[in-house]
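Pasting work.txt here (compact mmCIF, C-alpha atoms and all ligand atoms):
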# COMPACT_ATOMS: atom_id res chain seq x y z
CA MET A 206 -44.75 -58.84 7.87
CA ILE A 207 -48.15 -58.16 9.41
CA PRO A 208 -47.21 -56.63 12.80
CA VAL A 209 -48.72 -57.93 16.02
CA SER A 210 -49.66 -54.39 17.02
CA GLU A 211 -49.31 -50.82 15.79
CA PRO A 212 -50.64 -47.69 17.50
CA ARG A 213 -53.15 -45.47 15.70
CA VAL A 214 -52.10 -41.87 16.14
CA GLY A 215 -54.34 -39.11 14.78
CA GLU A 216 -54.24 -35.41 13.93
CA GLN A 217 -55.53 -34.27 17.32
CA GLU A 218 -52.48 -35.79 19.03
CA LEU A 219 -50.31 -33.51 16.86
CA VAL A 220 -52.41 -30.45 17.73
CA TYR A 221 -52.20 -31.09 21.47
CA VAL A 222 -48.50 -32.02 21.45
CA ASN A 223 -47.77 -28.87 19.42
CA GLU A 224 -49.59 -26.83 22.04
CA CYS A 225 -47.24 -28.26 24.72
CA LEU A 226 -44.19 -27.48 22.62
CA ARG A 227 -45.35 -23.98 21.72
CA THR A 228 -46.27 -23.04 25.28
CA GLY A 229 -43.31 -24.75 26.95
CA TRP A 230 -45.48 -27.04 29.13
CA ILE A 231 -43.44 -30.11 28.29
CA SER A 232 -42.77 -31.58 31.71
CA SER A 233 -45.03 -32.99 34.42
CA ALA A 234 -47.26 -29.97 34.99
CA GLY A 235 -49.82 -28.58 32.56
CA ARG A 236 -53.42 -28.72 31.51
CA PHE A 237 -53.25 -32.04 29.68
CA ILE A 238 -52.16 -33.98 32.78
CA GLU A 239 -55.11 -32.69 34.77
CA GLU A 240 -57.60 -33.15 31.94
CA PHE A 241 -56.38 -36.64 31.07
CA GLU A 242 -56.59 -37.71 34.72
CA ALA A 243 -60.06 -36.25 35.20
CA ARG A 244 -61.47 -37.54 31.91
CA TRP A 245 -60.04 -41.06 32.25
CA ALA A 246 -61.26 -41.34 35.86
CA ALA A 247 -64.73 -40.14 34.83
CA TYR A 248 -64.78 -42.55 31.88
CA CYS A 249 -64.11 -45.45 34.26
CA GLY A 250 -66.52 -44.19 36.92
CA MET A 251 -63.89 -43.36 39.54
CA PRO A 252 -63.53 -39.95 41.22
CA PHE A 253 -59.71 -39.70 41.34
CA GLY A 254 -57.01 -40.30 38.72
CA ILE A 255 -53.24 -40.14 39.23
CA ALA A 256 -51.23 -40.31 36.00
CA VAL A 257 -47.86 -42.09 36.27
CA SER A 258 -45.03 -43.06 33.94
CA ASN A 259 -46.15 -46.64 33.14
CA GLY A 260 -48.40 -49.48 34.22
CA THR A 261 -45.68 -51.24 36.21
CA VAL A 262 -45.20 -48.29 38.55
CA ALA A 263 -48.97 -47.74 38.73
CA LEU A 264 -49.13 -51.21 40.33
CA GLU A 265 -46.17 -50.43 42.59
CA ALA A 266 -47.71 -47.19 43.85
CA ALA A 267 -51.14 -48.82 44.28
CA VAL A 268 -49.66 -51.66 46.34
CA ALA A 269 -47.57 -49.16 48.34
CA CYS A 270 -50.85 -47.44 49.26
CA LEU A 271 -51.91 -50.68 51.03
CA ASP A 272 -49.06 -50.29 53.58
CA LEU A 273 -48.36 -54.02 53.66
CA LYS A 274 -46.50 -55.38 56.70
CA PRO A 275 -43.91 -58.13 56.22
CA GLY A 276 -45.78 -61.39 55.63
CA ASP A 277 -49.00 -59.73 54.42
CA GLU A 278 -50.40 -61.56 51.41
CA VAL A 279 -51.96 -60.46 48.13
CA ILE A 280 -53.79 -63.01 45.96
CA LEU A 281 -53.26 -62.69 42.21
CA PRO A 282 -53.32 -64.84 39.07
CA THR A 283 -50.19 -66.75 38.10
CA PHE A 284 -51.10 -66.01 34.47
CA THR A 285 -50.14 -62.34 34.22
CA ILE A 286 -47.18 -60.03 33.68
CA ILE A 287 -44.41 -59.93 36.28
CA SER A 288 -45.29 -56.29 37.11
CA CYS A 289 -48.17 -57.60 39.27
CA ALA A 290 -46.12 -60.03 41.37
CA GLN A 291 -43.13 -57.74 41.75
CA ALA A 292 -45.34 -54.84 42.87
CA VAL A 293 -46.34 -57.02 45.85
CA VAL A 294 -42.72 -58.04 46.52
CA PHE A 295 -41.47 -54.43 46.29
CA GLY A 296 -44.38 -53.41 48.56
CA GLY A 297 -43.07 -55.75 51.25
CA GLY A 298 -45.76 -58.40 50.84
CA VAL A 299 -46.07 -61.98 49.68
CA PRO A 300 -47.79 -62.75 46.37
CA VAL A 301 -50.08 -65.81 46.53
CA LEU A 302 -51.21 -67.36 43.26
CA VAL A 303 -54.31 -68.92 41.74
CA ASP A 304 -54.62 -70.66 38.39
CA ALA A 305 -56.27 -69.29 35.24
CA ASP A 306 -59.84 -69.94 34.16
CA PRO A 307 -59.63 -72.13 31.04
CA ARG A 308 -62.32 -70.08 29.24
CA THR A 309 -61.43 -66.44 29.91
CA TRP A 310 -57.74 -67.00 30.84
CA CYS A 311 -58.35 -64.57 33.74
CA MET A 312 -57.83 -65.67 37.37
CA ASP A 313 -60.00 -68.62 38.42
CA VAL A 314 -62.09 -66.82 41.03
CA ASP A 315 -63.30 -70.14 42.49
CA GLN A 316 -59.75 -70.79 43.74
CA VAL A 317 -59.42 -67.56 45.70
CA ALA A 318 -61.35 -68.47 48.89
CA ALA A 319 -59.04 -71.43 49.61
CA LYS A 320 -56.00 -69.10 49.44
CA ILE A 321 -57.29 -66.60 52.02
CA THR A 322 -55.42 -66.68 55.35
CA SER A 323 -55.24 -64.39 58.37
CA ARG A 324 -52.43 -62.54 56.51
CA THR A 325 -54.38 -61.82 53.31
CA ARG A 326 -54.76 -58.09 52.72
CA ALA A 327 -55.81 -57.76 49.09
CA ILE A 328 -56.86 -59.45 45.87
CA MET A 329 -55.42 -58.32 42.54
CA PRO A 330 -57.66 -59.32 39.62
CA VAL A 331 -56.10 -58.84 36.17
CA HIS A 332 -58.38 -58.56 33.13
CA ILE A 333 -56.53 -60.67 30.56
CA TYR A 334 -56.28 -59.72 26.86
CA GLY A 335 -59.40 -57.53 27.11
CA HIS A 336 -61.78 -59.91 28.93
CA PRO A 337 -63.00 -58.90 32.40
CA VAL A 338 -62.53 -61.02 35.51
CA ASP A 339 -65.73 -62.31 37.14
CA MET A 340 -65.71 -59.75 39.97
CA ALA A 341 -68.83 -60.60 42.00
CA PRO A 342 -67.26 -63.55 43.89
CA LEU A 343 -64.21 -61.36 44.64
CA TRP A 344 -66.36 -58.51 45.93
CA ALA A 345 -68.11 -60.98 48.25
CA LEU A 346 -64.80 -62.33 49.59
CA ALA A 347 -63.36 -58.82 49.98
CA GLU A 348 -66.39 -57.75 51.98
CA GLN A 349 -66.39 -60.89 54.14
CA HIS A 350 -62.66 -60.75 54.96
CA GLY A 351 -62.03 -56.98 54.86
CA LEU A 352 -59.71 -57.15 51.83
CA ALA A 353 -58.78 -54.42 49.36
CA ILE A 354 -59.17 -54.98 45.62
CA VAL A 355 -56.38 -53.67 43.40
CA GLU A 356 -57.61 -54.08 39.85
CA ASP A 357 -55.17 -54.35 36.93
CA ALA A 358 -57.10 -53.03 33.94
CA ALA A 359 -54.02 -52.41 31.75
CA GLU A 360 -55.38 -54.68 29.00
CA ALA A 361 -59.07 -53.87 29.31
CA HIS A 362 -59.62 -50.19 28.50
CA GLY A 363 -63.34 -49.74 27.97
CA ALA A 364 -64.31 -53.36 28.72
CA THR A 365 -67.34 -53.81 30.96
CA TYR A 366 -68.35 -56.20 33.72
CA ARG A 367 -72.13 -56.38 34.26
CA GLY A 368 -72.40 -52.92 32.69
CA GLN A 369 -69.63 -51.29 34.76
CA ARG A 370 -66.33 -50.27 33.22
CA CYS A 371 -63.20 -52.18 34.10
CA GLY A 372 -60.97 -49.92 36.15
CA GLY A 373 -63.98 -48.87 38.22
CA LEU A 374 -64.43 -52.20 39.95
CA GLY A 375 -61.94 -52.09 42.83
CA ASP A 376 -60.60 -49.84 45.59
CA LEU A 377 -57.64 -48.95 43.40
CA SER A 378 -57.19 -49.70 39.72
CA CYS A 379 -54.14 -49.55 37.48
CA PHE A 380 -53.69 -48.89 33.79
CA SER A 381 -50.88 -49.00 31.26
CA PHE A 382 -50.81 -46.69 28.24
CA TYR A 383 -47.89 -48.43 26.53
CA ALA A 384 -47.87 -48.20 22.72
CA ASN A 385 -49.72 -51.50 22.24
CA LYS A 386 -52.56 -50.52 24.59
CA ILE A 387 -55.97 -49.36 23.31
CA ILE A 388 -55.32 -45.81 24.59
CA THR A 389 -51.63 -45.02 24.45
CA THR A 390 -49.34 -42.23 25.58
CA GLY A 391 -46.22 -44.00 24.25
CA GLU A 392 -45.25 -44.96 27.79
CA GLY A 393 -47.64 -44.13 30.58
CA GLY A 394 -50.02 -45.34 33.23
CA MET A 395 -52.66 -44.31 35.72
CA ILE A 396 -54.02 -45.21 39.14
CA LEU A 397 -57.71 -44.64 39.80
CA THR A 398 -59.36 -44.73 43.19
CA LYS A 399 -62.63 -43.94 44.95
CA ASP A 400 -60.83 -42.88 48.12
CA ALA A 401 -59.56 -39.31 48.54
CA LYS A 402 -56.91 -40.39 51.07
CA LEU A 403 -55.53 -43.12 48.81
CA ALA A 404 -55.49 -40.61 45.93
CA GLU A 405 -53.47 -38.16 48.00
CA ARG A 406 -51.07 -40.93 49.03
CA ALA A 407 -50.58 -42.09 45.43
CA ARG A 408 -49.99 -38.49 44.29
CA SER A 409 -47.40 -38.04 47.01
CA LEU A 410 -45.60 -41.32 46.18
CA ARG A 411 -45.54 -40.32 42.50
CA ASN A 412 -43.68 -37.13 43.28
CA LEU A 413 -40.98 -37.95 45.84
CA CYS A 414 -43.34 -37.43 48.81
CA PHE A 415 -42.71 -33.68 48.93
CA ARG A 416 -44.51 -32.31 52.01
CA PRO A 417 -46.83 -29.37 51.47
CA GLU A 418 -45.60 -27.41 54.50
CA ARG A 419 -42.07 -26.90 53.22
CA ARG A 420 -40.41 -27.52 49.89
CA PHE A 421 -37.69 -30.23 50.03
CA TYR A 422 -38.95 -31.60 53.36
CA HIS A 423 -39.87 -35.31 53.43
CA THR A 424 -41.36 -37.65 56.03
CA GLU A 425 -41.51 -40.63 53.67
CA LEU A 426 -39.48 -41.93 50.72
CA GLY A 427 -41.24 -41.74 47.37
CA HIS A 428 -40.50 -42.05 43.68
CA ASN A 429 -40.38 -40.05 40.50
CA PHE A 430 -43.27 -41.81 38.70
CA ARG A 431 -44.45 -38.65 36.89
CA LEU A 432 -46.03 -38.58 33.43
CA THR A 433 -45.28 -35.61 31.18
CA ASN A 434 -47.81 -33.12 29.82
CA LEU A 435 -46.60 -34.15 26.33
CA GLN A 436 -47.61 -37.76 27.01
CA ALA A 437 -50.91 -36.73 28.59
CA ALA A 438 -51.62 -34.60 25.49
CA VAL A 439 -51.38 -37.75 23.36
CA GLY A 440 -53.56 -39.64 25.84
CA LEU A 441 -56.28 -36.99 25.89
CA ALA A 442 -56.47 -36.91 22.09
CA GLN A 443 -56.73 -40.71 22.08
CA LEU A 444 -59.41 -40.69 24.76
CA GLU A 445 -61.51 -38.31 22.65
CA ARG A 446 -61.61 -41.10 20.01
CA ILE A 447 -62.03 -44.06 22.35
CA ASP A 448 -65.40 -45.10 20.93
CA ASP A 449 -63.83 -45.52 17.48
CA LEU A 450 -60.84 -47.40 18.89
CA LEU A 451 -63.09 -49.78 20.85
CA ALA A 452 -65.38 -50.28 17.85
CA HIS A 453 -62.34 -51.35 15.82
CA LYS A 454 -61.27 -53.83 18.51
CA ARG A 455 -64.76 -55.31 18.86
CA TRP A 456 -65.11 -55.58 15.08
CA MET A 457 -61.69 -57.29 14.90
CA GLY A 458 -62.71 -59.75 17.62
CA ARG A 459 -65.98 -60.57 15.86
CA ARG A 460 -64.38 -60.87 12.42
CA TYR A 461 -61.51 -63.10 13.61
CA GLY A 462 -64.15 -65.24 15.36
CA GLU A 463 -66.05 -65.67 12.08
CA LEU A 464 -62.95 -66.34 10.00
CA LEU A 465 -61.43 -68.83 12.46
CA ALA A 466 -64.68 -70.64 13.33
CA GLY A 467 -64.60 -74.35 12.63
CA ILE A 468 -60.82 -74.63 12.18
CA PRO A 469 -59.93 -77.77 14.13
CA GLY A 470 -57.21 -77.56 16.76
CA LEU A 471 -57.85 -74.00 17.96
CA THR A 472 -59.51 -72.58 21.05
CA LEU A 473 -60.69 -69.00 20.51
CA PRO A 474 -61.42 -66.18 22.99
CA VAL A 475 -64.82 -66.11 24.66
CA GLU A 476 -67.16 -63.36 25.73
CA GLU A 477 -69.03 -64.37 28.87
CA PRO A 478 -72.65 -63.19 29.05
CA TRP A 479 -71.77 -60.79 31.89
CA ALA A 480 -68.88 -59.17 30.01
CA THR A 481 -67.91 -57.12 27.01
CA ASN A 482 -64.55 -58.26 25.71
CA VAL A 483 -62.52 -55.47 24.04
CA TYR A 484 -60.15 -58.02 22.43
CA TRP A 485 -57.04 -56.01 23.36
CA MET A 486 -55.11 -58.92 21.85
CA TYR A 487 -56.75 -61.80 19.98
CA GLY A 488 -55.38 -64.92 21.67
CA ILE A 489 -55.67 -68.48 20.41
CA VAL A 490 -54.72 -71.75 22.10
CA LEU A 491 -53.47 -74.63 20.01
CA ASP A 492 -54.58 -78.20 20.75
CA GLU A 493 -51.74 -80.61 21.53
CA ALA A 494 -53.29 -82.87 18.86
CA THR A 495 -51.87 -80.50 16.23
CA GLY A 496 -48.44 -81.82 17.24
CA MET A 497 -47.21 -78.27 17.74
CA ASP A 498 -46.66 -75.89 20.62
CA ALA A 499 -46.98 -72.11 20.34
CA VAL A 500 -43.24 -71.64 19.76
CA GLU A 501 -43.28 -73.87 16.67
CA PHE A 502 -46.56 -72.39 15.43
CA ALA A 503 -45.23 -68.84 15.87
CA ARG A 504 -42.07 -69.81 13.96
CA ARG A 505 -44.14 -71.07 11.03
CA LEU A 506 -46.43 -68.03 11.04
CA LYS A 507 -43.43 -65.69 11.10
CA ALA A 508 -41.89 -67.50 8.15
CA HIS A 509 -45.12 -66.68 6.28
CA GLY A 510 -45.12 -63.00 7.30
CA VAL A 511 -47.38 -63.06 10.36
CA GLU A 512 -45.99 -61.70 13.61
CA THR A 513 -47.37 -63.08 16.88
CA ARG A 514 -46.57 -62.99 20.61
CA PRO A 515 -46.53 -65.91 23.01
CA PHE A 516 -48.91 -65.93 26.00
CA PHE A 517 -47.63 -65.04 29.48
CA LEU A 518 -45.46 -67.55 31.33
CA GLY A 519 -46.92 -68.04 34.82
CA MET A 520 -45.41 -66.34 37.85
CA HIS A 521 -44.74 -69.77 39.41
CA GLU A 522 -42.42 -70.55 36.48
CA GLN A 523 -40.19 -67.48 36.98
CA PRO A 524 -36.66 -68.01 38.35
CA ALA A 525 -36.60 -64.36 39.47
CA LEU A 526 -39.46 -65.14 41.86
CA TRP A 527 -38.06 -68.54 42.96
CA GLU A 528 -35.02 -66.53 44.08
CA GLN A 529 -37.34 -64.58 46.37
CA GLY A 530 -38.29 -67.89 48.00
CA LEU A 531 -41.62 -67.94 46.17
CA PHE A 532 -43.68 -70.57 44.34
CA GLN A 533 -41.09 -73.37 44.03
CA GLY A 534 -42.82 -76.69 43.42
CA GLU A 535 -46.21 -75.02 42.81
CA HIS A 536 -48.22 -76.10 39.78
CA TYR A 537 -51.11 -74.45 37.98
CA PRO A 538 -52.09 -76.73 35.11
CA VAL A 539 -54.31 -74.35 33.13
CA ALA A 540 -51.72 -71.55 33.13
CA GLU A 541 -48.96 -74.05 32.29
CA ARG A 542 -50.91 -75.36 29.33
CA ILE A 543 -51.95 -72.01 27.85
CA ALA A 544 -48.42 -70.62 28.37
CA ARG A 545 -47.15 -73.41 26.11
CA GLN A 546 -49.99 -73.59 23.60
CA GLY A 547 -51.18 -69.97 23.44
CA LEU A 548 -50.20 -66.98 21.32
CA TYR A 549 -51.87 -63.88 20.06
CA LEU A 550 -52.42 -62.92 16.45
CA PRO A 551 -51.93 -59.45 14.92
CA SER A 552 -54.46 -57.32 16.81
CA GLY A 553 -53.41 -53.69 16.40
CA LEU A 554 -55.64 -50.71 15.77
CA THR A 555 -54.36 -50.37 12.20
CA LEU A 556 -55.18 -53.98 11.23
CA THR A 557 -57.32 -54.20 8.08
CA GLU A 558 -59.89 -56.76 6.95
CA ALA A 559 -57.54 -57.88 4.15
CA GLN A 560 -54.75 -58.44 6.67
CA MET A 561 -57.07 -60.48 8.90
CA VAL A 562 -58.09 -62.64 5.94
CA GLN A 563 -54.41 -63.16 5.18
CA VAL A 564 -53.60 -63.99 8.81
CA VAL A 565 -56.35 -66.62 8.92
CA ALA A 566 -55.31 -68.15 5.59
CA THR A 567 -51.77 -68.38 6.99
CA VAL A 568 -53.04 -69.96 10.21
CA LYS A 569 -54.82 -72.64 8.16
CA GLU A 570 -51.75 -73.24 6.01
CA CYS A 571 -49.45 -73.54 9.04
CA LEU A 572 -51.81 -75.96 10.76
CA ALA A 573 -52.05 -78.20 7.69
C1 LIG B 601 -51.82 -56.77 32.70
C2 LIG B 601 -50.68 -55.80 32.66
N1 LIG B 601 -50.34 -55.14 33.77
C3 LIG B 601 -49.31 -54.27 33.79
C4 LIG B 601 -48.57 -54.02 32.67
C5 LIG B 601 -47.38 -53.10 32.77
O1 LIG B 601 -47.54 -51.95 32.04
P1 LIG B 601 -46.27 -51.13 31.46
O2 LIG B 601 -45.74 -51.89 30.31
O3 LIG B 601 -46.87 -49.82 31.07
O4 LIG B 601 -45.30 -51.00 32.58
C6 LIG B 601 -48.90 -54.65 31.48
C7 LIG B 601 -48.09 -54.36 30.28
O5 LIG B 601 -48.26 -54.75 29.21
C8 LIG B 601 -49.96 -55.59 31.46
O6 LIG B 601 -50.28 -56.25 30.35

Just give me the structure of the file as structure tokens.
Amino acid sequence: MIPVSEPRVGEQELVYVNECLRTGWISSAGRFIEEFEARWAAYCGMPFGIAVSNGTVALEAAVACLDLKPGDEVILPTFTIISCAQAVVFGGGVPVLVDADPRTWCMDVDQVAAKITSRTRAIMPVHIYGHPVDMAPLWALAEQHGLAIVEDAAEAHGATYRGQRCGGLGDLSCFSFYANKIITTGEGGMILTKDAKLAERARSLRNLCFRPERRFYHTELGHNFRLTNLQAAVGLAQLERIDDLLAHKRWMGRRYGELLAGIPGLTLPVEEPWATNVYWMYGIVLDEATGMDAVEFARRLKAHGVETRPFFLGMHEQPALWEQGLFQGEHYPVAERIARQGLYLPSGLTLTEAQMVQVVATVKECLA
């Protein structure tokens, strides 16, 4: 079976992890946490980094920093992971959805203005499968209406929008370093921000809101969202090799594009002129004319030794969110279509040229 994703772990990770083990700095203090935060923030062009235990809680802490009041709204794409919508719900706000752009699969930024009300507090763009969101229209709306931008760059490490790195494009940005991400710490995440006060707030929320004036004294309830020095050691070693990791992803994206070009029935990822796509996962969308949906296609590919993953299922199609009184009866046709017809091919950092050739031959066979 050609796996959908495998992490690429190198020698330097072992050296740094060994240092943690030898010196006893295995918990959530130590040099690797501070270095990983500082280096990742600098890489993305943001002054402050707060490492946390995963991308889901990065979003929760970032939304908590907005201090939403009941009824405050945050606009986000329906086509994303549930972490985004539930961060808004847990933060006391109301998620408001827009459809996906049929080319990039990111939020359709042209639909955002119509969703802004007097209760809107923030926009949450999510860079999907490695392609950046078109940020300029969102910046204009944020400026005009006094909204915060909470960027979800979990899937777009190193991608750029008009020359600026994703994760440096909002007031707060969130990352995941799960094992399938370009930079991984096994499990892990980070919040970046330009604002010293927001950084302090996020740091406090991460660590149970301990007050500085007295140990075990609290004026607010927080969380244990801490990352360990062991995990940060892995992340720092990975970050030192990020150019190689990104080069592999970009090569994979290009090569799949060449190999799949001209096969009828498939829509392939794009790279808009204002973006660099890092092809975190190489998605394809199957035409209905093939007579198959993604579930059937994935079943056939798996039977021939190719593992895939289905695309996201929109937030407006989630019973867990209907139960919150959200989104019932709403429809977003682009997200609904790509959720049914889309899947991603093996895209990991260990994928070889020979495996890609085999994947594409299998795709052709399964379409025939
Ligand atoms: C866009 C996006 N946001 C957030 C997350 C959540 O990250 P984690 O799995 O680290 O909680 C993911 C996870 O894959 C994601 O793809």

Report as JSON lines the residues of chain A within 8 Å of ligand LIG 601 (chain B), each with its shortest atom pair and distance in Å (one decimal), using all atoms listed in the file, ordered by chain and increasing residue number.
{"residue": "A:Ser258", "atom": "CA", "partner": "B:LIG601", "partner_atom": "O3", "distance": 7.6}
{"residue": "A:Asn259", "atom": "CA", "partner": "B:LIG601", "partner_atom": "O3", "distance": 3.9}
{"residue": "A:Gly260", "atom": "CA", "partner": "B:LIG601", "partner_atom": "O1", "distance": 3.4}
{"residue": "A:Thr261", "atom": "CA", "partner": "B:LIG601", "partner_atom": "O4", "distance": 3.7}
{"residue": "A:Val262", "atom": "CA", "partner": "B:LIG601", "partner_atom": "O4", "distance": 6.6}
{"residue": "A:Ala263", "atom": "CA", "partner": "B:LIG601", "partner_atom": "O4", "distance": 7.9}
{"residue": "A:Leu264", "atom": "CA", "partner": "B:LIG601", "partner_atom": "C3", "distance": 7.2}
{"residue": "A:Thr285", "atom": "CA", "partner": "B:LIG601", "partner_atom": "C1", "distance": 6.0}
{"residue": "A:Ile286", "atom": "CA", "partner": "B:LIG601", "partner_atom": "C2", "distance": 5.6}
{"residue": "A:Ile287", "atom": "CA", "partner": "B:LIG601", "partner_atom": "C3", "distance": 7.9}
{"residue": "A:Ser288", "atom": "CA", "partner": "B:LIG601", "partner_atom": "C3", "distance": 5.6}
{"residue": "A:Cys289", "atom": "CA", "partner": "B:LIG601", "partner_atom": "N1", "distance": 6.4}
{"residue": "A:Val331", "atom": "CA", "partner": "B:LIG601", "partner_atom": "C1", "distance": 5.9}
{"residue": "A:His332", "atom": "CA", "partner": "B:LIG601", "partner_atom": "C1", "distance": 6.8}
{"residue": "A:Ile333", "atom": "CA", "partner": "B:LIG601", "partner_atom": "C1", "distance": 6.5}
{"residue": "A:Tyr334", "atom": "CA", "partner": "B:LIG601", "partner_atom": "O6", "distance": 7.8}
{"residue": "A:Asp357", "atom": "CA", "partner": "B:LIG601", "partner_atom": "N1", "distance": 5.8}
{"residue": "A:Ala358", "atom": "CA", "partner": "B:LIG601", "partner_atom": "C1", "distance": 6.6}
{"residue": "A:Ala359", "atom": "CA", "partner": "B:LIG601", "partner_atom": "C2", "distance": 4.8}
{"residue": "A:Glu360", "atom": "CA", "partner": "B:LIG601", "partner_atom": "O6", "distance": 5.5}
{"residue": "A:Cys379", "atom": "CA", "partner": "B:LIG601", "partner_atom": "C3", "distance": 7.7}
{"residue": "A:Phe380", "atom": "CA", "partner": "B:LIG601", "partner_atom": "C3", "distance": 6.9}
{"residue": "A:Ser381", "atom": "CA", "partner": "B:LIG601", "partner_atom": "O3", "distance": 4.1}
{"residue": "A:Phe382", "atom": "CA", "partner": "B:LIG601", "partner_atom": "O3", "distance": 5.8}
{"residue": "A:Tyr383", "atom": "CA", "partner": "B:LIG601", "partner_atom": "O3", "distance": 4.9}
{"residue": "A:Asn385", "atom": "CA", "partner": "B:LIG601", "partner_atom": "O5", "distance": 7.8}
{"residue": "A:Lys386", "atom": "CA", "partner": "B:LIG601", "partner_atom": "O5", "distance": 7.6}
{"residue": "A:Glu392", "atom": "CA", "partner": "B:LIG601", "partner_atom": "O3", "distance": 6.1}
{"residue": "A:Gly393", "atom": "CA", "partner": "B:LIG601", "partner_atom": "O3", "distance": 5.8}
{"residue": "A:Gly394", "atom": "CA", "partner": "B:LIG601", "partner_atom": "O3", "distance": 5.9}

Of the listed residues A:Arg367, A:His362, A:Arg431, A:Arg408, that which approaches Asp448 (chain A) most closely, counting all atoms listed in the file: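 Residue with the minimum atom-to-atom distance to Asp448 (chain A): A:His362.
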
Interatomic distance, CA of Ala503 (chain A) to CA of Pro282 (chain A) (Å, one decimal):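 So the answer is 24.9 Å.
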
Point-to-point distance in Å for CA of Phe415 (chain A) and CA of Asn429 (chain A):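 Rounded to one decimal, the two atoms are 10.8 Å apart.
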
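For the set A:Arg446, A:Val565, A:Arg326, A:Asp313, the residue with the smallest atom-to-atom gap to Pro275 (chain A) is A:Arg326, counting all atoms listed in the file.
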
Between CA of Ala305 (chain A) and CA of Leu506 (chain A) - distance in Å to one decimal: 26.2 Å

Who sits within 12 Å of Ala345 (chain A), only C-alpha atoms, same chain under 3 positions skipped, as a list in words: Val314, Asp315, Val317, Ala318, Ile328, Asp339, Met340, Ala341, Pro342, Glu348, Gln349, His350, Gly351, Leu352, Ala353 and Ile354 of chain A

Nearest to His336 (chain A), chosen from A:Asp272, A:Glu476, A:Glu356, A:Glu405, with only C-alpha atoms counted in the distances: A:Glu476

Closest of A:Leu413, A:Leu572, A:Leu302, A:Cys270 to Arg504 (chain A) - atom-to-atom distances counting only C-alpha atoms: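 Among the listed residues, the smallest separation from Arg504 (chain A) belongs to A:Leu572.
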
Of the listed residues A:Thr309, A:Glu224, A:Glu528, A:Tyr422, that which approaches Leu473 (chain A) most closely, counting all atoms listed in the file: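 Among the listed residues, the smallest separation from Leu473 (chain A) belongs to A:Thr309.
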
Among listed residues A:Ala364, A:Leu219, A:Val294, A:Cys249, nearest Gln529 (chain A) (using all atoms listed in the file):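 Smallest distance to Gln529 (chain A) is found for A:Val294.
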
Test item: residues at most 12 Å from Thr557 (chain A), all atoms listed in the file, excluding those fewer than 3 positions along its chain, as JSON, numbers by chain: {"A": [207, 208, 210, 211, 453, 454, 456, 457, 460, 461, 551, 552, 553, 554, 560, 561, 562, 563, 564]}

N, CA, C and O atoms of region 425-433 of chain A from block above, as a PDB file, in the first residue's frame:
ATOM      1  N   GLU A 425      -8.622  34.173  36.086  1.00  0.00           N
ATOM      2  CA  GLU A 425      -9.308  33.704  34.879  1.00  0.00           C
ATOM      3  C   GLU A 425      -9.056  32.204  34.743  1.00  0.00           C
ATOM      4  O   GLU A 425      -8.015  31.720  35.185  1.00  0.00           O
ATOM      5  N   LEU A 426     -10.016  31.502  34.126  1.00  0.00           N
ATOM      6  CA  LEU A 426      -9.819  30.063  33.902  1.00  0.00           C
ATOM      7  C   LEU A 426      -9.068  29.858  32.592  1.00  0.00           C
ATOM      8  O   LEU A 426      -9.390  30.465  31.577  1.00  0.00           O
ATOM      9  N   GLY A 427      -8.084  28.983  32.636  1.00  0.00           N
ATOM     10  CA  GLY A 427      -7.295  28.710  31.423  1.00  0.00           C
ATOM     11  C   GLY A 427      -7.288  27.237  31.091  1.00  0.00           C
ATOM     12  O   GLY A 427      -8.237  26.508  31.402  1.00  0.00           O
ATOM     13  N   HIS A 428      -6.227  26.807  30.444  1.00  0.00           N
ATOM     14  CA  HIS A 428      -6.129  25.424  29.972  1.00  0.00           C
ATOM     15  C   HIS A 428      -4.703  24.934  30.163  1.00  0.00           C
ATOM     16  O   HIS A 428      -3.786  25.736  30.295  1.00  0.00           O
ATOM     17  N   ASN A 429      -4.521  23.620  30.102  1.00  0.00           N
ATOM     18  CA  ASN A 429      -3.175  23.100  29.883  1.00  0.00           C
ATOM     19  C   ASN A 429      -3.069  22.747  28.407  1.00  0.00           C
ATOM     20  O   ASN A 429      -3.481  21.667  27.976  1.00  0.00           O
ATOM     21  N   PHE A 430      -2.544  23.694  27.618  1.00  0.00           N
ATOM     22  CA  PHE A 430      -2.343  23.504  26.167  1.00  0.00           C
ATOM     23  C   PHE A 430      -0.839  23.456  25.859  1.00  0.00           C
ATOM     24  O   PHE A 430      -0.406  23.820  24.786  1.00  0.00           O
ATOM     25  N   ARG A 431      -0.015  23.022  26.854  1.00  0.00           N
ATOM     26  CA  ARG A 431       1.437  23.147  26.683  1.00  0.00           C
ATOM     27  C   ARG A 431       2.004  22.098  25.733  1.00  0.00           C
ATOM     28  O   ARG A 431       1.539  20.970  25.686  1.00  0.00           O
ATOM     29  N   LEU A 432       3.035  22.501  25.001  1.00  0.00           N
ATOM     30  CA  LEU A 432       3.837  21.583  24.182  1.00  0.00           C
ATOM     31  C   LEU A 432       5.042  21.173  25.025  1.00  0.00           C
ATOM     32  O   LEU A 432       5.470  21.934  25.899  1.00  0.00           O
ATOM     33  N   THR A 433       5.603  20.001  24.759  1.00  0.00           N
ATOM     34  CA  THR A 433       6.797  19.618  25.532  1.00  0.00           C
ATOM     35  C   THR A 433       8.073  20.021  24.789  1.00  0.00           C
ATOM     36  O   THR A 433       8.089  20.180  23.568  1.00  0.00           O
TER      37      THR A 433
END
